[in-house]
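Visitor: File data.cif follows (mmCIF, N, CA and C atoms and all ligand atoms):
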```
data_work
#
loop_
_atom_site.label_atom_id
_atom_site.label_comp_id
_atom_site.auth_asym_id
_atom_site.auth_seq_id
_atom_site.Cartn_x
_atom_site.Cartn_y
_atom_site.Cartn_z
N MET A 1 20.75 -18.59 12.78
CA MET A 1 19.63 -19.23 12.07
C MET A 1 19.48 -18.62 10.67
N THR A 2 19.02 -19.41 9.73
CA THR A 2 18.84 -18.90 8.38
C THR A 2 17.39 -18.45 8.17
N THR A 3 17.23 -17.50 7.28
CA THR A 3 15.89 -17.01 6.95
C THR A 3 15.13 -18.10 6.20
N THR A 4 13.90 -18.32 6.57
CA THR A 4 13.07 -19.30 5.87
C THR A 4 11.76 -18.63 5.44
N LYS A 5 11.01 -19.35 4.62
CA LYS A 5 9.77 -18.79 4.06
C LYS A 5 8.55 -19.49 4.61
N THR A 6 7.47 -18.74 4.69
CA THR A 6 6.17 -19.37 4.89
C THR A 6 5.18 -18.72 3.93
N PHE A 7 4.02 -19.32 3.84
CA PHE A 7 2.96 -18.80 2.97
C PHE A 7 1.75 -18.46 3.83
N THR A 8 1.10 -17.35 3.51
CA THR A 8 -0.13 -16.99 4.21
C THR A 8 -1.13 -16.43 3.22
N MET A 9 -2.40 -16.45 3.57
CA MET A 9 -3.37 -15.62 2.84
C MET A 9 -4.37 -15.07 3.83
N ILE A 10 -4.67 -13.79 3.64
CA ILE A 10 -5.75 -13.15 4.39
C ILE A 10 -7.05 -13.58 3.72
N LYS A 11 -7.96 -14.11 4.51
CA LYS A 11 -9.17 -14.75 3.96
C LYS A 11 -10.28 -13.72 3.70
N PRO A 12 -11.33 -14.13 2.95
CA PRO A 12 -12.37 -13.18 2.53
C PRO A 12 -13.01 -12.40 3.67
N ASP A 13 -13.23 -13.03 4.81
CA ASP A 13 -13.88 -12.30 5.92
C ASP A 13 -13.05 -11.11 6.35
N ALA A 14 -11.74 -11.28 6.46
CA ALA A 14 -10.86 -10.21 6.93
C ALA A 14 -10.64 -9.15 5.85
N VAL A 15 -10.55 -9.58 4.59
CA VAL A 15 -10.38 -8.60 3.51
C VAL A 15 -11.62 -7.73 3.39
N THR A 16 -12.80 -8.35 3.35
CA THR A 16 -14.03 -7.56 3.16
C THR A 16 -14.37 -6.71 4.38
N ALA A 17 -13.90 -7.11 5.56
CA ALA A 17 -14.12 -6.30 6.77
C ALA A 17 -13.17 -5.12 6.86
N GLY A 18 -12.21 -5.05 5.93
CA GLY A 18 -11.26 -3.93 5.94
C GLY A 18 -10.14 -4.11 6.94
N ASN A 19 -9.84 -5.37 7.28
CA ASN A 19 -8.79 -5.63 8.28
C ASN A 19 -7.43 -5.97 7.69
N SER A 20 -7.30 -5.93 6.36
CA SER A 20 -6.03 -6.35 5.74
C SER A 20 -4.85 -5.50 6.21
N GLY A 21 -5.03 -4.18 6.23
CA GLY A 21 -3.93 -3.31 6.60
C GLY A 21 -3.47 -3.57 8.03
N ALA A 22 -4.43 -3.70 8.94
CA ALA A 22 -4.08 -3.96 10.35
C ALA A 22 -3.35 -5.29 10.49
N ILE A 23 -3.78 -6.31 9.73
CA ILE A 23 -3.16 -7.63 9.82
C ILE A 23 -1.74 -7.59 9.26
N ILE A 24 -1.55 -6.93 8.12
CA ILE A 24 -0.20 -6.83 7.54
C ILE A 24 0.72 -6.05 8.48
N LYS A 25 0.19 -5.03 9.14
CA LYS A 25 1.00 -4.26 10.08
C LYS A 25 1.48 -5.15 11.24
N ILE A 26 0.61 -6.00 11.75
CA ILE A 26 1.00 -6.92 12.83
C ILE A 26 2.08 -7.88 12.33
N ILE A 27 1.86 -8.42 11.12
CA ILE A 27 2.82 -9.39 10.56
C ILE A 27 4.22 -8.74 10.45
N GLU A 28 4.27 -7.52 9.92
CA GLU A 28 5.57 -6.84 9.76
C GLU A 28 6.17 -6.46 11.12
N ALA A 29 5.31 -6.07 12.05
CA ALA A 29 5.82 -5.69 13.39
C ALA A 29 6.46 -6.87 14.10
N HIS A 30 6.10 -8.10 13.70
CA HIS A 30 6.69 -9.30 14.29
C HIS A 30 7.89 -9.81 13.50
N GLY A 31 8.41 -9.00 12.61
CA GLY A 31 9.68 -9.32 11.97
C GLY A 31 9.59 -10.09 10.67
N PHE A 32 8.38 -10.30 10.16
CA PHE A 32 8.23 -10.99 8.87
C PHE A 32 8.39 -9.98 7.74
N VAL A 33 9.12 -10.38 6.71
CA VAL A 33 9.28 -9.55 5.52
C VAL A 33 8.36 -10.09 4.42
N VAL A 34 7.52 -9.23 3.86
CA VAL A 34 6.62 -9.64 2.78
C VAL A 34 7.43 -9.65 1.48
N SER A 35 7.62 -10.84 0.89
CA SER A 35 8.41 -10.90 -0.35
C SER A 35 7.55 -11.13 -1.59
N ALA A 36 6.26 -11.42 -1.41
CA ALA A 36 5.32 -11.48 -2.53
C ALA A 36 3.92 -11.25 -1.96
N MET A 37 3.09 -10.53 -2.70
CA MET A 37 1.73 -10.25 -2.20
C MET A 37 0.84 -9.83 -3.37
N LYS A 38 -0.42 -10.24 -3.35
CA LYS A 38 -1.38 -9.74 -4.33
C LYS A 38 -2.80 -9.90 -3.80
N LEU A 39 -3.71 -9.13 -4.38
CA LEU A 39 -5.14 -9.28 -4.11
C LEU A 39 -5.72 -10.08 -5.25
N THR A 40 -6.46 -11.15 -4.93
CA THR A 40 -7.03 -11.99 -5.99
C THR A 40 -8.28 -12.68 -5.46
N GLN A 41 -8.95 -13.42 -6.32
CA GLN A 41 -10.09 -14.24 -5.88
C GLN A 41 -10.01 -15.59 -6.58
N LEU A 42 -10.18 -16.66 -5.81
CA LEU A 42 -10.10 -18.01 -6.36
C LEU A 42 -11.42 -18.40 -7.01
N THR A 43 -11.35 -19.19 -8.08
CA THR A 43 -12.53 -19.88 -8.56
C THR A 43 -12.79 -21.07 -7.62
N ALA A 44 -13.99 -21.64 -7.70
CA ALA A 44 -14.28 -22.81 -6.88
C ALA A 44 -13.31 -23.95 -7.21
N ALA A 45 -12.98 -24.11 -8.47
CA ALA A 45 -12.05 -25.19 -8.87
C ALA A 45 -10.67 -24.96 -8.26
N GLN A 46 -10.22 -23.71 -8.27
CA GLN A 46 -8.90 -23.41 -7.69
C GLN A 46 -8.90 -23.61 -6.17
N ALA A 47 -9.98 -23.18 -5.51
CA ALA A 47 -10.06 -23.39 -4.06
C ALA A 47 -10.10 -24.87 -3.74
N GLY A 48 -10.82 -25.64 -4.55
CA GLY A 48 -10.87 -27.09 -4.36
C GLY A 48 -9.52 -27.73 -4.50
N GLN A 49 -8.75 -27.24 -5.45
CA GLN A 49 -7.39 -27.77 -5.65
C GLN A 49 -6.49 -27.39 -4.47
N PHE A 50 -6.57 -26.13 -4.06
CA PHE A 50 -5.70 -25.68 -2.96
C PHE A 50 -5.97 -26.47 -1.69
N TYR A 51 -7.25 -26.76 -1.42
CA TYR A 51 -7.63 -27.47 -0.19
C TYR A 51 -7.88 -28.96 -0.44
N GLY A 52 -7.29 -29.49 -1.51
CA GLY A 52 -7.49 -30.89 -1.87
C GLY A 52 -7.20 -31.87 -0.74
N ILE A 53 -6.27 -31.50 0.14
CA ILE A 53 -5.92 -32.38 1.26
C ILE A 53 -7.10 -32.59 2.21
N HIS A 54 -8.07 -31.68 2.18
CA HIS A 54 -9.25 -31.77 3.06
C HIS A 54 -10.47 -32.36 2.34
N LYS A 55 -10.26 -32.93 1.17
CA LYS A 55 -11.38 -33.36 0.32
C LYS A 55 -12.37 -34.29 1.01
N GLU A 56 -11.90 -35.14 1.87
CA GLU A 56 -12.80 -36.10 2.54
C GLU A 56 -13.42 -35.53 3.81
N ARG A 57 -13.04 -34.34 4.21
CA ARG A 57 -13.56 -33.77 5.46
C ARG A 57 -14.98 -33.25 5.24
N PRO A 58 -15.82 -33.31 6.29
CA PRO A 58 -17.23 -32.86 6.14
C PRO A 58 -17.37 -31.38 5.80
N PHE A 59 -16.36 -30.58 6.13
CA PHE A 59 -16.47 -29.15 5.90
C PHE A 59 -15.89 -28.72 4.55
N TYR A 60 -15.45 -29.70 3.73
CA TYR A 60 -14.74 -29.36 2.48
C TYR A 60 -15.56 -28.48 1.54
N ASN A 61 -16.81 -28.85 1.27
CA ASN A 61 -17.61 -28.06 0.31
C ASN A 61 -17.85 -26.63 0.81
N ASP A 62 -18.14 -26.51 2.09
CA ASP A 62 -18.33 -25.17 2.66
C ASP A 62 -17.03 -24.37 2.59
N LEU A 63 -15.92 -25.04 2.84
CA LEU A 63 -14.61 -24.37 2.79
C LEU A 63 -14.33 -23.84 1.39
N VAL A 64 -14.61 -24.67 0.38
CA VAL A 64 -14.37 -24.26 -1.01
C VAL A 64 -15.30 -23.09 -1.38
N ASP A 65 -16.58 -23.19 -1.01
CA ASP A 65 -17.52 -22.08 -1.28
C ASP A 65 -17.05 -20.80 -0.62
N TYR A 66 -16.65 -20.94 0.63
CA TYR A 66 -16.25 -19.77 1.40
C TYR A 66 -14.99 -19.12 0.81
N MET A 67 -14.00 -19.94 0.53
CA MET A 67 -12.71 -19.40 0.08
C MET A 67 -12.76 -18.87 -1.36
N SER A 68 -13.76 -19.27 -2.13
CA SER A 68 -13.90 -18.74 -3.49
C SER A 68 -14.96 -17.63 -3.55
N GLY A 69 -15.54 -17.29 -2.39
CA GLY A 69 -16.66 -16.35 -2.37
C GLY A 69 -16.29 -14.89 -2.20
N GLY A 70 -15.02 -14.59 -2.08
CA GLY A 70 -14.61 -13.20 -1.90
C GLY A 70 -13.11 -13.05 -2.11
N PRO A 71 -12.62 -11.82 -2.01
CA PRO A 71 -11.20 -11.57 -2.26
C PRO A 71 -10.29 -12.11 -1.16
N ILE A 72 -9.11 -12.48 -1.56
CA ILE A 72 -8.08 -12.95 -0.62
C ILE A 72 -6.76 -12.23 -0.94
N ILE A 73 -5.87 -12.20 0.04
CA ILE A 73 -4.54 -11.62 -0.17
C ILE A 73 -3.49 -12.66 0.20
N PRO A 74 -3.01 -13.43 -0.81
CA PRO A 74 -1.92 -14.38 -0.54
C PRO A 74 -0.59 -13.64 -0.45
N MET A 75 0.29 -14.16 0.40
CA MET A 75 1.61 -13.55 0.60
C MET A 75 2.65 -14.63 0.88
N ILE A 76 3.87 -14.35 0.47
CA ILE A 76 5.03 -15.13 0.92
C ILE A 76 5.77 -14.27 1.92
N LEU A 77 6.09 -14.87 3.07
CA LEU A 77 6.75 -14.16 4.17
C LEU A 77 8.10 -14.80 4.46
N GLU A 78 9.06 -13.97 4.86
CA GLU A 78 10.40 -14.48 5.19
C GLU A 78 10.81 -14.02 6.59
N LYS A 79 11.41 -14.94 7.31
CA LYS A 79 11.88 -14.67 8.68
C LYS A 79 12.63 -15.91 9.16
N GLU A 80 13.47 -15.78 10.16
CA GLU A 80 14.01 -16.96 10.81
C GLU A 80 12.84 -17.77 11.39
N ASN A 81 12.87 -19.07 11.25
CA ASN A 81 11.86 -19.94 11.84
C ASN A 81 10.44 -19.54 11.42
N ALA A 82 10.29 -19.19 10.13
CA ALA A 82 9.07 -18.55 9.65
C ALA A 82 7.80 -19.38 9.89
N VAL A 83 7.83 -20.66 9.55
CA VAL A 83 6.59 -21.46 9.64
C VAL A 83 6.08 -21.53 11.07
N GLU A 84 6.95 -21.89 11.99
CA GLU A 84 6.52 -22.06 13.38
C GLU A 84 6.13 -20.73 14.02
N ASP A 85 6.96 -19.70 13.78
CA ASP A 85 6.66 -18.40 14.39
C ASP A 85 5.35 -17.82 13.84
N PHE A 86 5.08 -18.06 12.56
CA PHE A 86 3.84 -17.52 12.00
C PHE A 86 2.62 -18.26 12.52
N ARG A 87 2.73 -19.57 12.67
CA ARG A 87 1.61 -20.34 13.25
C ARG A 87 1.30 -19.84 14.66
N ALA A 88 2.35 -19.50 15.41
CA ALA A 88 2.14 -18.97 16.77
C ALA A 88 1.46 -17.60 16.70
N LEU A 89 1.85 -16.79 15.73
CA LEU A 89 1.29 -15.44 15.62
C LEU A 89 -0.19 -15.46 15.22
N ILE A 90 -0.59 -16.43 14.38
CA ILE A 90 -2.00 -16.44 13.95
C ILE A 90 -2.91 -17.12 14.97
N GLY A 91 -2.41 -18.05 15.76
CA GLY A 91 -3.23 -18.70 16.78
C GLY A 91 -3.99 -19.91 16.26
N ALA A 92 -4.77 -20.52 17.14
CA ALA A 92 -5.49 -21.76 16.84
C ALA A 92 -6.51 -21.56 15.72
N THR A 93 -6.78 -22.65 14.98
CA THR A 93 -7.74 -22.62 13.86
C THR A 93 -9.09 -22.06 14.31
N ASN A 94 -9.57 -22.54 15.45
CA ASN A 94 -10.84 -22.06 15.99
C ASN A 94 -10.56 -20.83 16.87
N PRO A 95 -11.10 -19.67 16.48
CA PRO A 95 -10.77 -18.45 17.24
C PRO A 95 -11.16 -18.52 18.72
N VAL A 96 -12.11 -19.38 19.05
CA VAL A 96 -12.49 -19.55 20.46
C VAL A 96 -11.31 -20.09 21.27
N GLU A 97 -10.45 -20.87 20.59
CA GLU A 97 -9.29 -21.47 21.26
C GLU A 97 -8.01 -20.66 21.05
N ALA A 98 -8.07 -19.59 20.27
CA ALA A 98 -6.86 -18.83 19.94
C ALA A 98 -6.42 -17.98 21.13
N ALA A 99 -5.10 -17.91 21.33
CA ALA A 99 -4.55 -17.16 22.46
C ALA A 99 -4.76 -15.66 22.28
N GLU A 100 -4.82 -14.96 23.40
CA GLU A 100 -4.92 -13.49 23.37
C GLU A 100 -3.78 -12.90 22.54
N GLY A 101 -4.11 -11.90 21.74
CA GLY A 101 -3.08 -11.21 20.97
C GLY A 101 -2.78 -11.83 19.62
N THR A 102 -3.28 -13.04 19.38
CA THR A 102 -3.05 -13.65 18.07
C THR A 102 -3.98 -13.03 17.03
N ILE A 103 -3.60 -13.18 15.76
CA ILE A 103 -4.39 -12.56 14.68
C ILE A 103 -5.80 -13.13 14.64
N ARG A 104 -5.93 -14.44 14.85
CA ARG A 104 -7.28 -15.01 14.82
C ARG A 104 -8.11 -14.57 16.03
N LYS A 105 -7.48 -14.41 17.17
CA LYS A 105 -8.22 -13.92 18.35
C LYS A 105 -8.73 -12.51 18.08
N LEU A 106 -7.91 -11.72 17.39
CA LEU A 106 -8.27 -10.32 17.13
C LEU A 106 -9.30 -10.17 16.02
N PHE A 107 -9.22 -11.01 14.97
CA PHE A 107 -9.99 -10.73 13.76
C PHE A 107 -10.91 -11.85 13.29
N ALA A 108 -10.73 -13.08 13.72
CA ALA A 108 -11.56 -14.18 13.21
C ALA A 108 -12.92 -14.19 13.88
N THR A 109 -13.94 -14.62 13.13
CA THR A 109 -15.28 -14.67 13.69
C THR A 109 -15.81 -16.09 13.87
N SER A 110 -15.21 -17.08 13.20
CA SER A 110 -15.63 -18.47 13.35
C SER A 110 -14.51 -19.38 12.86
N ILE A 111 -14.69 -20.69 12.99
CA ILE A 111 -13.65 -21.63 12.56
C ILE A 111 -13.47 -21.60 11.04
N SER A 112 -14.51 -21.26 10.29
CA SER A 112 -14.36 -21.17 8.83
C SER A 112 -13.95 -19.76 8.40
N ALA A 113 -14.58 -18.75 9.00
CA ALA A 113 -14.18 -17.36 8.71
C ALA A 113 -13.11 -16.97 9.72
N ASN A 114 -11.94 -17.60 9.57
CA ASN A 114 -10.91 -17.43 10.61
C ASN A 114 -9.75 -16.53 10.17
N ALA A 115 -10.07 -15.59 9.30
CA ALA A 115 -9.22 -14.42 9.00
C ALA A 115 -7.95 -14.68 8.20
N ILE A 116 -7.26 -15.79 8.51
CA ILE A 116 -5.93 -15.94 7.90
C ILE A 116 -5.51 -17.41 7.88
N HIS A 117 -4.70 -17.73 6.88
CA HIS A 117 -4.13 -19.07 6.75
C HIS A 117 -2.62 -18.99 6.98
N GLY A 118 -2.06 -20.04 7.54
CA GLY A 118 -0.61 -20.15 7.65
C GLY A 118 -0.17 -21.57 7.35
N SER A 119 0.82 -21.74 6.51
CA SER A 119 1.29 -23.09 6.15
C SER A 119 1.73 -23.85 7.40
N ASP A 120 1.49 -25.18 7.39
CA ASP A 120 1.81 -25.98 8.57
C ASP A 120 3.17 -26.65 8.50
N SER A 121 3.91 -26.47 7.39
CA SER A 121 5.25 -27.06 7.28
C SER A 121 6.02 -26.30 6.21
N HIS A 122 7.34 -26.43 6.24
CA HIS A 122 8.17 -25.79 5.23
C HIS A 122 7.82 -26.32 3.84
N LYS A 123 7.60 -27.64 3.75
CA LYS A 123 7.26 -28.25 2.45
C LYS A 123 5.96 -27.67 1.90
N ASN A 124 4.93 -27.58 2.75
CA ASN A 124 3.66 -27.02 2.29
C ASN A 124 3.75 -25.53 1.99
N ALA A 125 4.62 -24.82 2.70
CA ALA A 125 4.81 -23.39 2.41
C ALA A 125 5.30 -23.22 0.97
N LEU A 126 6.22 -24.06 0.54
CA LEU A 126 6.73 -23.96 -0.83
C LEU A 126 5.66 -24.34 -1.85
N ILE A 127 4.91 -25.40 -1.57
CA ILE A 127 3.83 -25.84 -2.48
C ILE A 127 2.76 -24.74 -2.58
N GLU A 128 2.36 -24.21 -1.45
CA GLU A 128 1.29 -23.21 -1.43
C GLU A 128 1.75 -21.89 -2.06
N GLY A 129 3.00 -21.51 -1.81
CA GLY A 129 3.53 -20.30 -2.44
C GLY A 129 3.58 -20.45 -3.95
N ASP A 130 4.00 -21.62 -4.42
CA ASP A 130 4.05 -21.87 -5.86
C ASP A 130 2.67 -21.84 -6.49
N PHE A 131 1.65 -22.20 -5.71
CA PHE A 131 0.28 -22.21 -6.23
C PHE A 131 -0.14 -20.80 -6.67
N PHE A 132 0.34 -19.79 -5.96
CA PHE A 132 -0.11 -18.42 -6.21
C PHE A 132 0.88 -17.53 -6.94
N PHE A 133 2.18 -17.84 -6.85
CA PHE A 133 3.18 -16.89 -7.35
C PHE A 133 4.14 -17.53 -8.34
N SER A 134 4.43 -16.76 -9.39
CA SER A 134 5.43 -17.19 -10.37
C SER A 134 6.82 -16.97 -9.80
N ASN A 135 7.82 -17.52 -10.46
CA ASN A 135 9.20 -17.32 -10.02
C ASN A 135 9.57 -15.85 -10.00
N LEU A 136 9.08 -15.09 -11.01
CA LEU A 136 9.41 -13.67 -11.07
C LEU A 136 8.87 -12.94 -9.84
N GLU A 137 7.62 -13.25 -9.45
CA GLU A 137 7.02 -12.60 -8.29
C GLU A 137 7.75 -12.98 -7.01
N LYS A 138 8.38 -14.16 -6.99
CA LYS A 138 9.05 -14.61 -5.77
C LYS A 138 10.46 -14.04 -5.65
N MET A 139 10.99 -13.48 -6.74
CA MET A 139 12.36 -12.92 -6.69
C MET A 139 12.36 -11.64 -5.87
N LYS A 140 13.43 -11.45 -5.11
CA LYS A 140 13.52 -10.23 -4.30
C LYS A 140 14.26 -9.16 -5.06
P1 LIG B 201 -6.81 -23.30 7.55
O1 LIG B 201 -6.03 -24.06 8.57
O2 LIG B 201 -6.28 -22.03 7.07
O3 LIG B 201 -7.09 -24.27 6.32
C1 LIG B 201 -8.09 -25.28 6.42
C2 LIG B 201 -9.35 -24.62 6.87
O4 LIG B 201 -10.45 -25.45 7.02
C3 LIG B 201 -9.14 -24.04 8.25
O5 LIG B 201 -8.25 -22.96 8.16
C4 LIG B 201 -10.55 -23.69 8.64
O6 LIG B 201 -10.96 -22.46 8.09
C5 LIG B 201 -11.29 -24.82 7.97
N1 LIG B 201 -11.67 -25.80 8.98
C6 LIG B 201 -10.87 -26.60 9.68
N2 LIG B 201 -11.58 -27.35 10.53
C7 LIG B 201 -12.86 -27.02 10.36
C8 LIG B 201 -14.08 -27.44 10.92
N3 LIG B 201 -14.10 -28.39 11.87
N4 LIG B 201 -15.21 -26.86 10.50
C9 LIG B 201 -15.18 -25.91 9.53
N5 LIG B 201 -14.06 -25.47 8.93
C10 LIG B 201 -12.91 -26.01 9.36
#
```
Output the file's structure in the form of structure tokens.

Guide:
Amino acid sequence: MTTTKTFTMIKPDAVTAGNSGAIIKIIEAHGFVVSAMKLTQLTAAQAGQFYGIHKERPFYNDLVDYMSGGPIIPMILEKENAVEDFRALIGATNPVEAAEGTIRKLFATSISANAIHGSDSHKNALIEGDFFFSNLEKMK
């Protein structure tokens, strides 16, 4: 199998709770290589653009407020079967439904403050990675 990429970001709830180090440790222990990472904070306009696909959803405004309300840690990760394996590692969107041992089961407190994002497809992983990182930052 060939190495593929996915995109993730540790969300404001997990960063402000001091869980970033523990989450990154779990990610690396499961064989993902961090090839780009930074600490940043989105403006409301940037969060709105990133989550544009959810614009018509009832939770969109709260999602934008939440995701622009504190620091985040976006990362590009590499591993065989990266997108699917990472979605399995983070667990269901709603932590109540997340499997034991998943990152959301361990660290998420609600469906909106759910600790971490993971791209849902290879195509979106590339789009989302490009949103946060320049070509130079993506070079190994
Ligand atoms: P994520 O999958 O990372 O990106 C979209 C986010 O929207 C999702 O995480 C949740 O945080 C949020 N979200 C999805 N569904 C709901 C919902 N029903 N209510 C509130 N927030 C939601």

Visitor: Can you list, as a PyMOL selection string, all residues belonging to chain A that DSSP tags as helix (DSSP H, G or I)?

Guide: chain A and resi 12-16+20-29+44-50+52-54+60-67+82-90+95-97+103-107+122-132+135-138

Visitor: Neighbouring residues of ligand LIG 201 (chain B) are defined here as those with any atom at most 7 Å from a ligand atom, counting all atoms listed in the file; list them as number ranges by chain.

Guide: A: 51, 58-60, 63, 93-94, 110-114, 116-118

Visitor: Near Val34 in chain A, within 6.5 Å and counting all atoms listed in the file, which residues show up once chain neighbours fewer than 3 positions away are dropped, as a list in words?

Guide: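 These residues fall inside the cut-off: Met37, Ile76, Leu77 and Glu78 of chain A.
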
Visitor: Calculated over only C-alpha atoms, which of the candidates A:Ser68, A:Thr102, A:Thr4, A:Asn81 has the smallest distance to Ile27 in chain A?

Guide: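 Nearest to Ile27 in chain A: A:Thr102.
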
Visitor: For the point (5.5, -20.7, -2.2) in the file's frame, write as a CSV table (one decimal) with N, CA and C atoms, in the frame of the given file all residues with an atom no more than 8 Å away, counting all atoms listed in the file.

Guide:
```csv
chain,number,residue,atom,x,y,z
A,5,LYS,N,11.0,-19.4,4.6
A,5,LYS,CA,9.8,-18.8,4.1
A,5,LYS,C,8.6,-19.5,4.6
A,6,THR,N,7.5,-18.7,4.7
A,6,THR,CA,6.2,-19.4,4.9
A,6,THR,C,5.2,-18.7,3.9
A,7,PHE,N,4.0,-19.3,3.8
A,7,PHE,CA,3.0,-18.8,3.0
A,7,PHE,C,1.8,-18.5,3.8
A,8,THR,N,1.1,-17.4,3.5
A,8,THR,CA,-0.1,-17.0,4.2
A,8,THR,C,-1.1,-16.4,3.2
A,75,MET,N,0.3,-14.2,0.4
A,75,MET,CA,1.6,-13.6,0.6
A,75,MET,C,2.6,-14.6,0.9
A,76,ILE,N,3.9,-14.4,0.5
A,76,ILE,CA,5.0,-15.1,0.9
A,76,ILE,C,5.8,-14.3,1.9
A,77,LEU,N,6.1,-14.9,3.1
A,77,LEU,CA,6.8,-14.2,4.2
A,77,LEU,C,8.1,-14.8,4.5
A,124,ASN,N,4.9,-27.6,2.8
A,124,ASN,CA,3.7,-27.0,2.3
A,124,ASN,C,3.8,-25.5,2.0
A,125,ALA,N,4.6,-24.8,2.7
A,125,ALA,CA,4.8,-23.4,2.4
A,125,ALA,C,5.3,-23.2,1.0
A,126,LEU,N,6.2,-24.1,0.5
A,126,LEU,CA,6.7,-24.0,-0.8
A,126,LEU,C,5.7,-24.3,-1.8
A,127,ILE,N,4.9,-25.4,-1.6
A,127,ILE,CA,3.8,-25.8,-2.5
A,127,ILE,C,2.8,-24.7,-2.6
A,128,GLU,N,2.4,-24.2,-1.4
A,128,GLU,CA,1.3,-23.2,-1.4
A,128,GLU,C,1.8,-21.9,-2.1
A,129,GLY,N,3.0,-21.5,-1.8
A,129,GLY,CA,3.5,-20.3,-2.4
A,129,GLY,C,3.6,-20.4,-4.0
A,130,ASP,N,4.0,-21.6,-4.4
A,130,ASP,CA,4.0,-21.9,-5.9
A,130,ASP,C,2.7,-21.8,-6.5
A,131,PHE,N,1.6,-22.2,-5.7
A,131,PHE,CA,0.3,-22.2,-6.2
A,131,PHE,C,-0.1,-20.8,-6.7
A,132,PHE,N,0.3,-19.8,-6.0
A,132,PHE,CA,-0.1,-18.4,-6.2
A,132,PHE,C,0.9,-17.5,-6.9
A,133,PHE,N,2.2,-17.8,-6.8
A,133,PHE,CA,3.2,-16.9,-7.4
A,133,PHE,C,4.1,-17.5,-8.3
A,138,LYS,N,8.4,-14.2,-7.0
A,138,LYS,CA,9.0,-14.6,-5.8
A,138,LYS,C,10.5,-14.0,-5.6
```
